[in-house]
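Data block below; observations after.
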There are 2 protein chains.
Amino acid sequence: MPLPRPTRAVLERNLPILQWGKSYDRDTLTSDLVAAVIVTIMLIPQSLAYALLAGLPPEMGLYASILPLVAYAIFGTSRALAVGPVAVVSLMTAAAVGNLALQGTAEYAAAAITLAFISGLMLTLMGVFRLGFIANFLSHPVIAGFITASGVLIATSQLKHLLGVDAHGHNLPTLLGSIVAHLPETNLITLVIGILATGFLFWVRKGLKPLLLNAGLKPRLADILAKAGPVGAVAVTTLVTWLFGLQDHGVRIVGEVPTGLPPLTMPSFSGEIWSSLFVSALLISIIGFVESVSVAQTLAAKKRQRIIPDQELVGLGTANIASAISGGYPVTGGFARSVVNFDAGAETPAAGAFTAIGIALAALLLTPLLFFLPKATLAATIIVAVLSLVDFSILKRTWQYSRVDFSAVAATILLTLGFGVEVGVSAGVLISIGLFLYKTSRPHVAEVGLVPGTQHFRNILRHDVQTDPSLVTLRIDESLYFANARYLEDYLYDRVVGDNEIRNVVLMCSAVNEIDMSALESLEEANHRLRDIGITLHLSEVKGPVMDRLQRSDFINDLTGRVFLSQYDAMIALTSSENAA
Amino acid sequence: MPLPRPTRAVLERNLPILQWGKSYDRDTLTSDLVAAVIVTIMLIPQSLAYALLAGLPPEMGLYASILPLVAYAIFGTSRALAVGPVAVVSLMTAAAVGNLALQGTAEYAAAAITLAFISGLMLTLMGVFRLGFIANFLSHPVIAGFITASGVLIATSQLKHLLGVDAHGHNLPTLLGSIVAHLPETNLITLVIGILATGFLFWVRKGLKPLLLNAGLKPRLADILAKAGPVGAVAVTTLVTWLFGLQDHGVRIVGEVPTGLPPLTMPSFSGEIWSSLFVSALLISIIGFVESVSVAQTLAAKKRQRIIPDQELVGLGTANIASAISGGYPVTGGFARSVVNFDAGAETPAAGAFTAIGIALAALLLTPLLFFLPKATLAATIIVAVLSLVDFSILKRTWQYSRVDFSAVAATILLTLGFGVEVGVSAGVLISIGLFLYKTSRPHVAEVGLVPGTQHFRNILRHDVQTDPSLVTLRIDESLYFANARYLEDYLYDRVVGDNEIRNVVLMCSAVNEIDMSALESLEEANHRLRDIGITLHLSEVKGPVMDRLQRSDFINDLTGRVFLSQYDAMIALTSSENAA
């Protein structure tokens with residue numbers, strides 16, 4: 001029996017799989033399978049490496065790349081987004097969990113699982129309650145600055161693996177200090193492996209594909225081979241380590257990775273753990289969502305598709321819950337792998353599910369081969385991946401465009417580097433909101449006059465306009481609300497006091513989108529003060545929604561002057577009555 | 001040798017006493033002296049009572065009314081503001097210090113002194129760095145709601161003194177529960193004294209002055225006598241208690257109050273105490289400043305004088321530092337006593353200094369007389385004073401005018417009553433900022449057309465206007481910034497997609513006061529997306545400061561369309577070129 005249409009529509013909105021599933025055919029299957037193979041090859045070393053970055057055992061990276069992908073395929077709306085462990089969220093996980101337990105302990109892994117669960121719950125609830133707009137309070141420059149600074153932090157944190165030394169820290173000074181202190185313990189063989197792997201991976205990224213194309217390979221094959229670069233580095237360095245027994249010469253290796261499908265795990269429900277992870281989970285959720293949704297939107301726009309941000313929250317939320325119950329840690333949509341997935345031809349979220357099967361096979365079959373994999377190789381993978389995130393040009397661009405944006409970016413970068421990811425991103429958000437509020441609390445007020453031959457009014461300081469000494473028209477370039485209510489009151493009073501020619505003041509409200517109760521009281525006060533010195537106060541170009549509200553107060557009745565539909569009407573009425581008088 | 005003029009101007013700005021001191025004459029002196037006498041009579045019982053409310057020994061109330069008044073007279077700009085202990089700040093002091101020490105201990109008093117010092121330092125620094133604007137972020141309705149709820153809390157907290165029982169709590173449920181639990185221990189004699197004193201004081205406030213005027217007294221004398229009501233209540237109940245030995249029947253009395261001038265005290269400099277008092281001191285500073293500055297501005301406006309908010313911060317800051325070094329606790333400008341001071345004819349801040357002399361004489365001579373003063377009388381003084389602050393009409397007014405303001409007030413009142421002053425006022429500020437940000441993140445966008453016979457454009461839904469099917473004009477009623485950048489991008493795309501007649505889109509920017517970097521990126525994105533579907537994007541009525549900034553970016557070069565000075569120009573150009581095509 002078919003479902004009634006409205007029920008079906010509701011189901012389809014909440015389960016996007018029902019929409020694209022209907023028209024799934026053999027061609028789509030082929031495209032999705034090819035994309036899945038390429039993403040799987042890319043994701044295996046990345047999963048291991050990002051788990052290492054998060055301070056977790058490598059298998060947790062694999063686990064985080066299986067069930068979460070299936071959950072996202074069911075609930076997500078982006079057709080190209082590839083979900084899994086990503087660099088910035090892994091770093092944030094390490095920072096959050098590092099406060100609770102020591103790396104390498106069972107408590108540490110359990111806290112990471114709980115973090116994924118809390119974050120998943122938050123994201124899902126934000127989606128259900130349509131709170132996706134919260135992410136808008138992260139300004140683009142703040143995100144760009146944060147990602148760049150995180151990239152620097154991540155790359156620095158991996159230097160210890162290239163050197164084969166111990167080092168700790170969640171901010172740049174501590175990390176660098178710790179690495180410098182341990183420099184004398186550098187393991188030369190590890191360093192050689194690390195440098196060669198890093199160099200090779202940079203070359204693969206830039207130079208391999210053109211070379212293969214020149215050699216006559218088909219573009220798609222060249223692409224797959226280039227993407228397989230990290231797998232090649234993993235294979236070669238593992239083989240070399242095993243052949244020469246380098247682990248006995250101080251080269252640190254991954255060691256035993258359990259074989260098998262992800263275990264069923266349970267997050268902790270301890271109130272204490274939840275409260276100490278709460279803020280971190282919120283930051284991870286928002287950063288993860290913002291990153292993911294912007295990749296998803298960019299890719300969707302290329303195919304004239306749309307993604308639904310609130311449904312994306314549910315998709316990412318369920319992916320994180322899936323991660324928590326299957327031995328993983330926080331995941332989100334990754335930039336590089338989503339672009340690869342898209343370029344490789346993924347047509348539906350099913351590509352993600354196929355990738356999950358690929359990773360599951362790896363977890364079942366390949367883990368014994370990873371025993372001799374040097375950690376330095378994984379560190380090289382991470383360094384090459386994150387350095388592409390580092391882009392300080394945002395500083396230059398914001399400096400040219402707006403000092404306010406520049407301050408927010410610069411503060412975000414400095415605080416992230418100096419005090420770690422959590423302080424950095426929180427400060428970035430608070431600073432951008434604070435600067436916005438500060439700007440709106442001191443609004444631009446322009447005194448305007450008539451542009452000759454038109455009915456248009458502009459700033460008397462910028463344009464050659466007509467004015468009348470008895471009439472002052474002030475265009476207020478901001479909504480009037482509590483933070484600037486008193487400012488306007490003072491501005492108005494300062495402008496008119498001592499100028500005895502003035503009979504009429506018009507507040508041109510074309511840019512006033514809101515007058516709140518505090519501002520209303522200030523306007524009432526201004527009206528009374530001006531009346532006491534014989535000046536009539538008028539308004540013009542008050543917008544519909546603002547006027548509706550004013551009419552519910554006594555202000556319009558008390559106003560000594562009138563409310564004009566347009567500033568031109570006001571000028572005609574007030575200057576002609578003046579002439580008549 | 002006279003100072004050079006610029007130095008003198010700087011000195012006068014920072015030491016207002018140099019300005020009004022120059023023209024001080026005998027008439028001014030007489031006016032100030034009369035006002036000082038009246039305020040002194042009013043302030044003696046209030047100082048004792050508010051110290052009781054703050055949980056401090058009564059002499060600290062007197063000390064807080066001596067040196068601080070002298071400091072304000074030197075550094076403050078208001079000519080009528082009367083500084084000293086006030087009800088709301090006393091309650092906030094009790095809430096802040098109560099977290100650190102038990103009432104009645106030396107640590108408790110020391111913490112109150114330290115609180116005054118920290119608050120004084122904060123206020124002075126805010127003044128020096130011109131941060132007075134911070135106070136603007138307390139919206140009028142939030143302040144009104146907070147004061148009303150504080151009044152209710154204060155009056156309730158004093159019931160225990162009327163009943164002669166012990167009760168504690170910084171929020172309404174705890175206070176009421178505690179009072180009800182102790183009801184059986186009510187001391188009947190105390191209750192009788194308390195009720196009579198309260199009744200008498202209410203009558204003095206409302207009925208005494210008309211009666212005295214009818215009896216033929218001169219208005220000024222009638223006024224002084226009416227203001228002396230609390231002193232009368234203090235004298236009579238003290239006498240009765242002494243005569244009948246009521247202290248032996250369970251009536252709690254003030255007991256021994258040290259005689260003499262204020263002692264020299266030192267605030268604590270313990271980092272631990274400072275960090276635990278920091279937030280409280282900030283809240284007390286801001287609330288005290290906002291209250292004080294609004295009284296001062298109201299009174300100054302009546303005489304066409306001006307106060308300088310940043311200098312007021314210095315005045316209040318030094319007053320609090322003075323309080324801390326002379327055994328007092330946090331002070332600010334009081335509403336009732338400033339109005340009394342003003343009405344009594346105070347012409348300069350010297351009136352405050354004379355009041356200080358009056359209170360100092362009281363501390364030297366009158367304290368032995370206060371031994372038998374019942375605490376119930378002081379409680380009655382407080383109750384009568386604070387009930388005049390309680391005004392729930394703000395709820396009705398905001399409900400009619402704006403649901404957003406109403407939500408902020410209602411939350412402030414409920415949270416203050418339910419969780420105490422600190423939670424209440426912090427929540428009020430955060431909620432009003434949050435609601436403002438939420439509103440601006442979903443801006444009003446109006447599709448506009450030409451009002452026939454004018455060059456004026458209004459909303460097509462509200463006005464009968466001319467439009468053209470190939471041209472969509474959207475007036476964006478908000479500054480474009482990070483929180484609404486994506487919203488606009490989506491709105492624009494949703495409006496044009498699927499409407500094949502559209503060739504041109506004009507964004508009318510008369511209400512756009514700012515385009516930040518995030519919004520710029522969104523506009524660039526929108527420009528590209530519209531270009532891809534064959535639609536040209538134009539801007540009109542871009543303001544000077546916004547245009548200056550856009551010209552520093554590549555956006556104007558990339559823009560597919562033009563930037564028109566006025567929307568009328570845009571319509572003429574785009575509809576005629578359309579006809580020609």
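Chains: A, B, ... in order of the structure tokens. Residues: from 1 per chain. Ligands: from 1, in order shown.
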Distance filter 7 Å, only C-alpha atoms, chain A against chain B, as a list in words: Asn136, Phe137, Ser139, His140, Pro141, Thr398, Gln400, Tyr401, Asp405, Gln455, His456, Asp477, Glu478, Phe482, Ala483, Asn484, Ser510, Ala511, Val512, Asn513, Met517, Ser518, Arg549, Arg552, Ser553 and Ser566 of chain A
Would you save the residues from that selection as a CSV table (one decimal), in the first residue's frame, using N, CA and C atoms?
```csv
chain,number,residue,atom,x,y,z
A,136,ASN,N,26.1,30.9,11.2
A,136,ASN,CA,26.4,32.1,10.5
A,136,ASN,C,27.2,33.1,11.4
A,137,PHE,N,27.2,32.9,12.7
A,137,PHE,CA,27.9,33.9,13.5
A,137,PHE,C,29.4,33.7,13.5
A,139,SER,N,32.2,34.4,11.2
A,139,SER,CA,32.4,35.2,10.0
A,139,SER,C,33.4,34.5,9.0
A,140,HIS,N,33.3,34.7,7.7
A,140,HIS,CA,34.2,34.0,6.8
A,140,HIS,C,35.7,34.3,7.1
A,141,PRO,N,36.0,35.5,7.4
A,141,PRO,CA,37.5,35.7,7.7
A,141,PRO,C,37.9,35.0,9.0
A,398,THR,N,41.8,41.2,4.0
A,398,THR,CA,41.0,41.9,5.0
A,398,THR,C,41.6,43.3,5.3
A,400,GLN,N,43.1,45.3,3.4
A,400,GLN,CA,42.8,46.2,2.3
A,400,GLN,C,41.3,46.6,2.4
A,401,TYR,N,40.4,45.6,2.8
A,401,TYR,CA,39.0,45.9,2.7
A,401,TYR,C,38.4,46.5,3.9
A,405,ASP,N,37.4,43.6,10.0
A,405,ASP,CA,37.6,42.2,9.7
A,405,ASP,C,39.0,41.8,9.9
A,455,GLN,N,14.8,63.9,-7.1
A,455,GLN,CA,14.1,63.9,-5.8
A,455,GLN,C,15.0,63.1,-4.8
A,456,HIS,N,16.3,63.0,-5.1
A,456,HIS,CA,17.2,62.2,-4.3
A,456,HIS,C,18.0,63.0,-3.4
A,477,ASP,N,22.2,56.1,9.6
A,477,ASP,CA,22.6,54.9,8.8
A,477,ASP,C,22.7,53.7,9.7
A,478,GLU,N,21.7,53.5,10.5
A,478,GLU,CA,21.7,52.3,11.4
A,478,GLU,C,20.4,52.1,12.0
A,482,PHE,N,19.1,49.6,21.6
A,482,PHE,CA,19.6,50.1,22.9
A,482,PHE,C,21.0,50.6,22.8
A,483,ALA,N,21.8,49.9,22.0
A,483,ALA,CA,23.3,50.2,22.1
A,483,ALA,C,23.6,51.6,21.5
A,484,ASN,N,22.7,52.1,20.6
A,484,ASN,CA,23.0,53.4,20.0
A,484,ASN,C,21.9,54.5,20.3
A,510,SER,N,15.4,56.0,6.1
A,510,SER,CA,15.4,55.0,5.0
A,510,SER,C,16.3,53.8,5.5
A,511,ALA,N,17.3,54.1,6.4
A,511,ALA,CA,18.2,53.0,6.7
A,511,ALA,C,17.9,52.5,8.1
A,512,VAL,N,16.8,52.9,8.7
A,512,VAL,CA,16.5,52.5,10.0
A,512,VAL,C,15.5,51.3,9.9
A,513,ASN,N,16.1,50.1,10.2
A,513,ASN,CA,15.3,48.9,10.0
A,513,ASN,C,14.6,48.4,11.2
A,517,MET,N,12.5,49.5,22.0
A,517,MET,CA,11.9,50.2,23.1
A,517,MET,C,12.9,51.3,23.6
A,518,SER,N,14.2,50.9,23.7
A,518,SER,CA,15.1,51.9,24.3
A,518,SER,C,15.3,53.1,23.3
A,549,ARG,N,5.0,49.4,14.1
A,549,ARG,CA,5.3,49.4,15.5
A,549,ARG,C,5.2,50.7,16.2
A,552,ARG,N,1.9,51.6,17.4
A,552,ARG,CA,1.3,51.0,18.6
A,552,ARG,C,1.8,51.7,19.8
A,553,SER,N,2.6,52.8,19.7
A,553,SER,CA,3.1,53.5,20.8
A,553,SER,C,2.5,54.9,20.8
A,566,SER,N,8.1,60.4,1.8
A,566,SER,CA,9.4,60.5,1.2
A,566,SER,C,10.1,61.8,1.7
```
Go through A:Ala101, A:Ala144, A:Val496, A:Leu56 one by one, measure the shortest atom-to-atom distance of each to Pro330 of chain A using only C-alpha atoms, and give the residue with the smallest value.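 Looking only at the distances to Pro330 of chain A, the closest residue turns out to be A:Leu56.
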Which residues are near Gly334 of chain B? Cut-off 10 Å, only C-alpha atoms, ignore same chain within fewer than 3 positions. Put them as a ChimeraX atom specification. /B:81-89,288,291-292,295-296,331,337-339
If you keep C-alpha atoms, can you produce a file of those selected residues as a short mmCIF file (atom, residue, chain, number, x, y, z; two decimals), in the first residue's frame?
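Final output, part_14.cif:
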```
data_model
loop_
_atom_site.label_atom_id
_atom_site.label_comp_id
_atom_site.auth_asym_id
_atom_site.auth_seq_id
_atom_site.Cartn_x
_atom_site.Cartn_y
_atom_site.Cartn_z
CA LEU B 81 24.08 63.84 41.88
CA ALA B 82 24.14 62.61 45.50
CA VAL B 83 26.52 59.67 45.88
CA GLY B 84 26.46 57.05 48.62
CA PRO B 85 25.21 53.57 49.43
CA VAL B 86 22.11 52.66 47.39
CA ALA B 87 19.65 49.81 47.64
CA VAL B 88 20.38 47.81 44.46
CA VAL B 89 24.16 48.04 44.80
CA GLY B 288 25.89 51.58 39.34
CA GLU B 291 21.75 54.14 37.26
CA SER B 292 23.86 57.10 38.25
CA VAL B 295 19.74 60.27 37.05
CA ALA B 296 22.53 62.75 36.40
CA VAL B 331 28.61 53.42 46.30
CA ARG B 337 18.48 61.51 47.12
CA SER B 338 19.74 63.18 43.94
CA VAL B 339 16.25 64.38 43.14
#
```
Set the distance at 9 Å and use only C-alpha atoms: which residues neighbour Ile147 of chain B once local chain neighbours fewer than 3 positions away are removed? I'd like the list as a ChimeraX atom specification. /B:88,142-144,150-152,389-391,413
Export all heavy atoms of the chosen residues as an mmCIF file, in the first residue's frame?
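selection.cif, written as the output of this step:
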```cif
data_model
loop_
_atom_site.group_PDB
_atom_site.id
_atom_site.type_symbol
_atom_site.label_atom_id
_atom_site.label_comp_id
_atom_site.auth_asym_id
_atom_site.auth_seq_id
_atom_site.Cartn_x
_atom_site.Cartn_y
_atom_site.Cartn_z
ATOM 1 N N VAL B 88 20.078 48.901 45.390
ATOM 2 C CA VAL B 88 20.380 47.813 44.463
ATOM 3 C C VAL B 88 21.847 47.378 44.586
ATOM 4 O O VAL B 88 22.156 46.188 44.620
ATOM 5 C CB VAL B 88 20.035 48.226 43.014
ATOM 6 C CG1 VAL B 88 20.510 47.186 42.035
ATOM 7 C CG2 VAL B 88 18.540 48.433 42.875
ATOM 8 N N VAL B 142 15.594 46.318 29.936
ATOM 9 C CA VAL B 142 16.293 45.367 30.797
ATOM 10 C C VAL B 142 16.624 46.019 32.133
ATOM 11 O O VAL B 142 16.442 45.430 33.197
ATOM 12 C CB VAL B 142 17.571 44.831 30.112
ATOM 13 C CG1 VAL B 142 18.493 44.150 31.110
ATOM 14 C CG2 VAL B 142 17.194 43.855 29.001
ATOM 15 N N ILE B 143 17.086 47.279 32.101
ATOM 16 C CA ILE B 143 17.380 47.973 33.357
ATOM 17 C C ILE B 143 16.098 48.110 34.175
ATOM 18 O O ILE B 143 16.071 47.814 35.373
ATOM 19 C CB ILE B 143 17.949 49.380 33.101
ATOM 20 C CG1 ILE B 143 19.254 49.291 32.317
ATOM 21 C CG2 ILE B 143 18.181 50.120 34.403
ATOM 22 C CD1 ILE B 143 19.732 50.627 31.800
ATOM 23 N N ALA B 144 15.012 48.537 33.518
ATOM 24 C CA ALA B 144 13.756 48.731 34.244
ATOM 25 C C ALA B 144 13.325 47.420 34.890
ATOM 26 O O ALA B 144 12.925 47.395 36.062
ATOM 27 C CB ALA B 144 12.683 49.257 33.298
ATOM 28 N N SER B 150 14.798 43.702 41.501
ATOM 29 C CA SER B 150 15.665 43.917 42.658
ATOM 30 C C SER B 150 14.870 44.522 43.803
ATOM 31 O O SER B 150 15.067 44.153 44.967
ATOM 32 C CB SER B 150 16.804 44.871 42.307
ATOM 33 O OG SER B 150 17.572 44.346 41.281
ATOM 34 N N GLY B 151 13.974 45.449 43.476
ATOM 35 C CA GLY B 151 13.144 46.062 44.507
ATOM 36 C C GLY B 151 12.328 45.009 45.240
ATOM 37 O O GLY B 151 12.234 45.005 46.476
ATOM 38 N N VAL B 152 11.754 44.088 44.467
ATOM 39 C CA VAL B 152 10.962 43.017 45.080
ATOM 40 C C VAL B 152 11.853 42.155 45.979
ATOM 41 O O VAL B 152 11.488 41.826 47.114
ATOM 42 C CB VAL B 152 10.300 42.150 43.987
ATOM 43 C CG1 VAL B 152 9.652 40.912 44.596
ATOM 44 C CG2 VAL B 152 9.285 42.964 43.218
ATOM 45 N N LEU B 389 10.682 51.815 43.656
ATOM 46 C CA LEU B 389 11.409 51.389 42.452
ATOM 47 C C LEU B 389 10.628 50.341 41.661
ATOM 48 O O LEU B 389 10.889 50.105 40.489
ATOM 49 C CB LEU B 389 12.761 50.756 42.828
ATOM 50 C CG LEU B 389 13.772 51.565 43.634
ATOM 51 C CD1 LEU B 389 14.993 50.705 43.939
ATOM 52 C CD2 LEU B 389 14.183 52.793 42.840
ATOM 53 N N VAL B 390 9.695 49.665 42.347
ATOM 54 C CA VAL B 390 9.010 48.540 41.712
ATOM 55 C C VAL B 390 7.945 49.049 40.761
ATOM 56 O O VAL B 390 7.048 49.789 41.157
ATOM 57 C CB VAL B 390 8.381 47.626 42.792
ATOM 58 C CG1 VAL B 390 7.551 46.531 42.149
ATOM 59 C CG2 VAL B 390 9.475 47.037 43.665
ATOM 60 N N ASP B 391 8.061 48.697 39.491
ATOM 61 C CA ASP B 391 7.116 49.179 38.488
ATOM 62 C C ASP B 391 6.995 48.130 37.382
ATOM 63 O O ASP B 391 7.803 48.083 36.469
ATOM 64 C CB ASP B 391 7.615 50.515 37.921
ATOM 65 C CG ASP B 391 6.712 51.029 36.818
ATOM 66 O OD1 ASP B 391 5.614 50.455 36.627
ATOM 67 O OD2 ASP B 391 7.096 51.993 36.131
ATOM 68 N N ILE B 413 13.411 39.856 34.641
ATOM 69 C CA ILE B 413 12.658 39.863 35.908
ATOM 70 C C ILE B 413 12.620 38.456 36.498
ATOM 71 O O ILE B 413 12.953 38.241 37.671
ATOM 72 C CB ILE B 413 11.226 40.411 35.683
ATOM 73 C CG1 ILE B 413 11.294 41.899 35.358
ATOM 74 C CG2 ILE B 413 10.366 40.176 36.929
ATOM 75 C CD1 ILE B 413 9.949 42.549 35.112
#
```
For the alpha helix (DSSP H) assignment from backbone DSSP, which residues of segment 138-353 of chain A qualify? Please present them as a ChimeraX atom specification. /A:140-163,172-182,188-203,209-214,219-227,229-244,271-302,309-325,335-343,350-353
Limited to C-alpha atoms, could you put the picked residues into a file as a compact mmCIF listing (two decimals), in the first residue's frame?
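File produced: result.txt:
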```txt
# COMPACT_ATOMS: atom_id res chain seq x y z
CA HIS A 140 34.18 34.01 6.79
CA PRO A 141 37.47 35.74 7.68
CA VAL A 142 37.43 34.28 11.19
CA ILE A 143 36.98 30.79 9.76
CA ALA A 144 39.72 31.37 7.22
CA GLY A 145 42.07 32.61 9.92
CA PHE A 146 41.20 29.76 12.21
CA ILE A 147 41.78 27.11 9.54
CA THR A 148 45.11 28.65 8.57
CA ALA A 149 46.32 28.82 12.17
CA SER A 150 45.09 25.27 12.80
CA GLY A 151 47.03 24.10 9.74
CA VAL A 152 50.20 25.64 11.16
CA LEU A 153 49.56 24.03 14.56
CA ILE A 154 48.89 20.63 12.99
CA ALA A 155 51.94 20.70 10.75
CA THR A 156 54.10 21.73 13.73
CA SER A 157 52.65 18.99 15.92
CA GLN A 158 53.68 16.41 13.32
CA LEU A 159 57.32 17.51 13.29
CA LYS A 160 57.92 15.32 16.34
CA HIS A 161 57.02 12.23 14.29
CA LEU A 162 59.39 13.29 11.51
CA LEU A 163 62.13 13.69 14.11
CA LEU A 172 52.60 26.92 19.09
CA PRO A 173 54.98 28.17 21.83
CA THR A 174 54.62 24.99 23.90
CA LEU A 175 54.90 22.76 20.85
CA LEU A 176 57.98 24.49 19.49
CA GLY A 177 59.59 24.66 22.91
CA SER A 178 58.95 20.99 23.48
CA ILE A 179 60.30 20.01 20.05
CA VAL A 180 63.44 22.15 20.46
CA ALA A 181 64.04 20.65 23.90
CA HIS A 182 63.93 17.14 22.40
CA LEU A 188 68.22 10.11 12.00
CA ILE A 189 66.68 7.15 10.19
CA THR A 190 63.21 8.39 11.10
CA LEU A 191 64.13 11.87 9.87
CA VAL A 192 65.31 10.50 6.53
CA ILE A 193 62.11 8.50 6.07
CA GLY A 194 60.04 11.50 7.08
CA ILE A 195 61.78 13.95 4.76
CA LEU A 196 61.70 11.55 1.81
CA ALA A 197 58.02 10.77 2.37
CA THR A 198 57.13 14.46 2.67
CA GLY A 199 59.11 15.35 -0.45
CA PHE A 200 57.57 12.48 -2.37
CA LEU A 201 54.04 13.43 -1.37
CA PHE A 202 54.57 17.08 -2.33
CA TRP A 203 55.88 15.91 -5.68
CA LYS A 209 49.70 13.84 -12.70
CA PRO A 210 51.18 16.01 -15.51
CA LEU A 211 53.98 13.45 -15.85
CA LEU A 212 51.54 10.56 -16.20
CA LEU A 213 49.47 12.51 -18.69
CA ASN A 214 52.56 13.29 -20.73
CA PRO A 219 43.27 11.37 -17.39
CA ARG A 220 41.11 9.23 -15.08
CA LEU A 221 43.85 6.64 -14.58
CA ALA A 222 46.45 9.40 -14.06
CA ASP A 223 44.12 10.88 -11.47
CA ILE A 224 43.70 7.60 -9.58
CA LEU A 225 47.44 6.98 -9.59
CA ALA A 226 48.14 10.50 -8.31
CA LYS A 227 45.58 10.05 -5.52
CA GLY A 229 50.47 8.60 -3.80
CA PRO A 230 49.99 8.35 -0.02
CA VAL A 231 49.17 4.64 -0.32
CA GLY A 232 52.40 4.22 -2.29
CA ALA A 233 54.39 6.04 0.39
CA VAL A 234 52.76 3.86 3.07
CA ALA A 235 53.55 0.66 1.17
CA VAL A 236 57.16 1.55 0.36
CA THR A 237 58.14 2.82 3.81
CA THR A 238 56.42 -0.13 5.52
CA LEU A 239 58.30 -2.55 3.28
CA VAL A 240 61.63 -0.84 3.86
CA THR A 241 61.09 -0.78 7.63
CA TRP A 242 60.22 -4.50 7.66
CA LEU A 243 63.10 -5.50 5.36
CA PHE A 244 65.78 -3.64 7.31
CA GLY A 271 27.68 14.03 34.17
CA GLU A 272 31.18 15.13 35.02
CA ILE A 273 32.63 14.03 31.66
CA TRP A 274 29.71 15.55 29.77
CA SER A 275 30.06 18.90 31.48
CA SER A 276 33.80 19.05 30.88
CA LEU A 277 33.37 18.12 27.19
CA PHE A 278 30.32 20.30 26.58
CA VAL A 279 31.99 23.47 25.31
CA SER A 280 34.53 21.51 23.26
CA ALA A 281 31.73 19.49 21.68
CA LEU A 282 29.87 22.67 20.81
CA LEU A 283 32.94 24.20 19.17
CA ILE A 284 33.71 21.00 17.26
CA SER A 285 30.09 20.76 16.14
CA ILE A 286 29.97 24.31 14.85
CA ILE A 287 33.39 24.26 13.21
CA GLY A 288 32.67 20.86 11.68
CA PHE A 289 29.28 21.99 10.42
CA VAL A 290 30.56 25.26 8.96
CA GLU A 291 33.41 23.53 7.15
CA SER A 292 31.21 20.76 5.87
CA VAL A 293 28.30 22.90 4.77
CA SER A 294 30.49 25.31 2.85
CA VAL A 295 32.13 22.48 0.91
CA ALA A 296 28.73 20.92 0.29
CA GLN A 297 27.26 24.20 -0.93
CA THR A 298 30.14 24.92 -3.26
CA LEU A 299 29.88 21.48 -4.86
CA ALA A 300 26.07 21.54 -5.04
CA ALA A 301 26.10 24.92 -6.79
CA LYS A 302 28.28 23.51 -9.55
CA PRO A 309 21.55 23.24 5.99
CA ASP A 310 19.21 22.08 8.76
CA GLN A 311 19.03 18.61 7.22
CA GLU A 312 22.84 18.64 6.88
CA LEU A 313 22.99 19.10 10.64
CA VAL A 314 20.96 15.93 11.05
CA GLY A 315 23.20 14.13 8.54
CA LEU A 316 26.39 15.11 10.35
CA GLY A 317 24.78 14.54 13.74
CA THR A 318 23.76 10.98 12.98
CA ALA A 319 27.19 10.37 11.43
CA ASN A 320 28.82 11.36 14.72
CA ILE A 321 26.41 9.26 16.76
CA ALA A 322 27.20 6.36 14.42
CA SER A 323 30.89 7.04 15.00
CA ALA A 324 30.41 6.98 18.78
CA ILE A 325 28.66 3.62 18.79
CA PHE A 335 37.24 19.43 1.93
CA ALA A 336 39.87 17.61 -0.14
CA ARG A 337 38.15 14.25 -0.20
CA SER A 338 34.77 15.76 -1.11
CA VAL A 339 36.32 17.53 -4.07
CA VAL A 340 37.97 14.23 -5.10
CA ASN A 341 34.65 12.43 -4.70
CA PHE A 342 32.92 15.09 -6.82
CA ASP A 343 35.61 15.11 -9.51
CA ALA A 350 25.57 6.07 -2.07
CA ALA A 351 29.19 6.70 -3.11
CA GLY A 352 29.86 7.32 0.57
CA ALA A 353 28.26 4.03 1.53
```
Using only C-alpha atoms, find the one residue out of A:Pro258, A:Gly327, A:Gly449, A:Gly21 that sits nearest to Phe371 of chain A.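 Closest candidate: A:Pro258.
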d(atom CA of Ile17 of chain A, atom CA of Pro349 of chain A) in Å: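 Computing it gives 8.0 Å between the two atoms.
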Atomic separation - atom CA of Ser47 of chain A relative to atom CA of Ser65 of chain A, Å: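 Taking atom CA of Ser65 of chain A as the start and atom CA of Ser47 of chain A as the end point, the length is 7.0 Å.
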Ser470 of chain B surroundings by only C-alpha atoms, 10 Å radius, close-in-sequence under 2 positions cut, as a list in words: Thr467, Asp468, Val472, Asp499, Asn500, Glu501, Ile502, Arg503, Asn504, Val505, Ile535, Leu574, Thr575 and Glu578 of chain B
What's the 10 Å shell around Leu492 of chain B, counting only C-alpha atoms, without same-chain residues fewer than 3 positions away, as a ChimeraX atom specification? /B:445,474,486-489,495-497,505,507,523,526,530
